[in-house]
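*Asks:* Please read through the structure below; I'll follow up with questions.
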Amino acid sequence: MSVIPLVFTSGWASGINAYAVVLLLGLFGATGVSDEVPAALQRTDVLIVAGVLFLCEAVADKIPYVDSVWDTAHTVIRPVAGAVVAALLAGESGSLPELAAGAIGGSTALMSHLVKAGTRMAVNTSPEPFSNIGMSVAEDLGVAGVITFAIFHPVAAAVIAAVLLVLGIVTVLFLASRIRRFLRRRAQRREERRLAGTGSPKGGPWPPG
């Protein structure tokens, strides 16, 4: 069977939480649940690093504004991770050229990352922190559920991932005004910090002359 459905699903999930994807696939391969997982993802050092980074993301992703900073830092990391995982999966199966798989995984990861980052910007316009926690938990559970489902039912999982991606894009477009508000607030805070750092002391020059 073609590996395209698993490539697409892993790309979508990588755009949301790349470390969870690497960790889950590696564990599935190391424990013998799936024989389609490349050996590179099953290495102990890879699993340890992915686990530590997953825990870091699990914390950062639940703190208002910190989550958006984390997303910004991962604008390159998540698509690259999606492309690498997809290429490894294609190389293991031999049913799809690795370059094509990398393009599918990377582009899908980029789209889902932009959806996640945009949604978080909209959520951060709310003063309470509980919506961030709820969104983060839902994303983690969604990634875990879809990746696990993809191991046993790759085509059905790919359909679910595609539907979630389309719904996410529609949601971001609907929340565009709140996203612009978040960006304005962030720019305003940066300007205030800049002015505070370059402002002269109150009370006039010193020493008096």
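The chains in the structure tokens are called A, B, ... from first to last as shown; in each chain the residues are counted from 1, and the ligands are counted from 1 in the order shown.
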Please provide as JSON, numbers by chain all residues within 9 Å of His113 of chain A, with the sequence filter that same-chain residues fewer than 5 positions apart are discarded (counting only C-alpha atoms).
*Replies:* {"A": [12, 13, 14, 15, 16, 17, 71, 74, 75, 78, 79, 108, 118]}
*Asks:* Produce a file of the selected residues containing C-alpha atoms, as a PDB file, in the first residue's frame.
*Replies:*
ATOM      1  CA  TRP A  12      -0.385  17.468   9.531  1.00  0.00           C
ATOM      2  CA  ALA A  13       0.451  16.275  13.042  1.00  0.00           C
ATOM      3  CA  SER A  14       4.041  17.581  12.830  1.00  0.00           C
ATOM      4  CA  GLY A  15       2.721  21.072  12.165  1.00  0.00           C
ATOM      5  CA  ILE A  16       0.943  20.927  15.523  1.00  0.00           C
ATOM      6  CA  ASN A  17       3.440  19.003  17.655  1.00  0.00           C
ATOM      7  CA  ASP A  71       5.085  28.865  17.697  1.00  0.00           C
ATOM      8  CA  HIS A  74       8.978  26.631  15.411  1.00  0.00           C
ATOM      9  CA  THR A  75       7.848  28.133  12.107  1.00  0.00           C
ATOM     10  CA  ARG A  78       7.855  21.946  12.412  1.00  0.00           C
ATOM     11  CA  PRO A  79       7.776  21.951   8.578  1.00  0.00           C
ATOM     12  CA  THR A 108       1.245  19.928   5.069  1.00  0.00           C
ATOM     13  CA  GLY A 118      -3.086  31.774  14.002  1.00  0.00           C
TER      14      GLY A 118
END
*Asks:* Neighbouring residues of Pro129 of chain A were defined as those with any atom within 10 Å, considering only C-alpha atoms; residues of the same chain fewer than 2 positions away were excluded. Please report them as a PyMOL selection string.
*Replies:* chain A and resi 62-65+123-124+126-127+131-134
*Asks:* For the atom pair atom CA of Ile147 of chain A and atom CA of Leu25 of chain A, what is the interatomic distance in Å to one decimal place?
*Replies:*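 These two atoms are separated by 7.9 Å.
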*Asks:* Figure out the distance between atom CA of Ala103 of chain A and atom CA of Ala20 of chain A, please, to one decimal in Å.
*Replies:*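 Computing the Euclidean distance for atom CA of Ala20 of chain A and atom CA of Ala103 of chain A yields 20.3 Å.
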*Asks:* Between atom CA of Ala144 of chain A and atom CA of Leu23 of chain A, measure the distance and give it in Å to one decimal.
*Replies:*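 If I compute the distance from atom CA of Ala144 of chain A to atom CA of Leu23 of chain A, I get 10.0 Å.
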*Asks:* Please list as number ranges by chain every residue within 12 Å of Ala73 of chain A, counting only C-alpha atoms and excluding residues in the same chain fewer than 6 positions away.
*Replies:* A: 57, 60, 66-67, 79, 113, 117
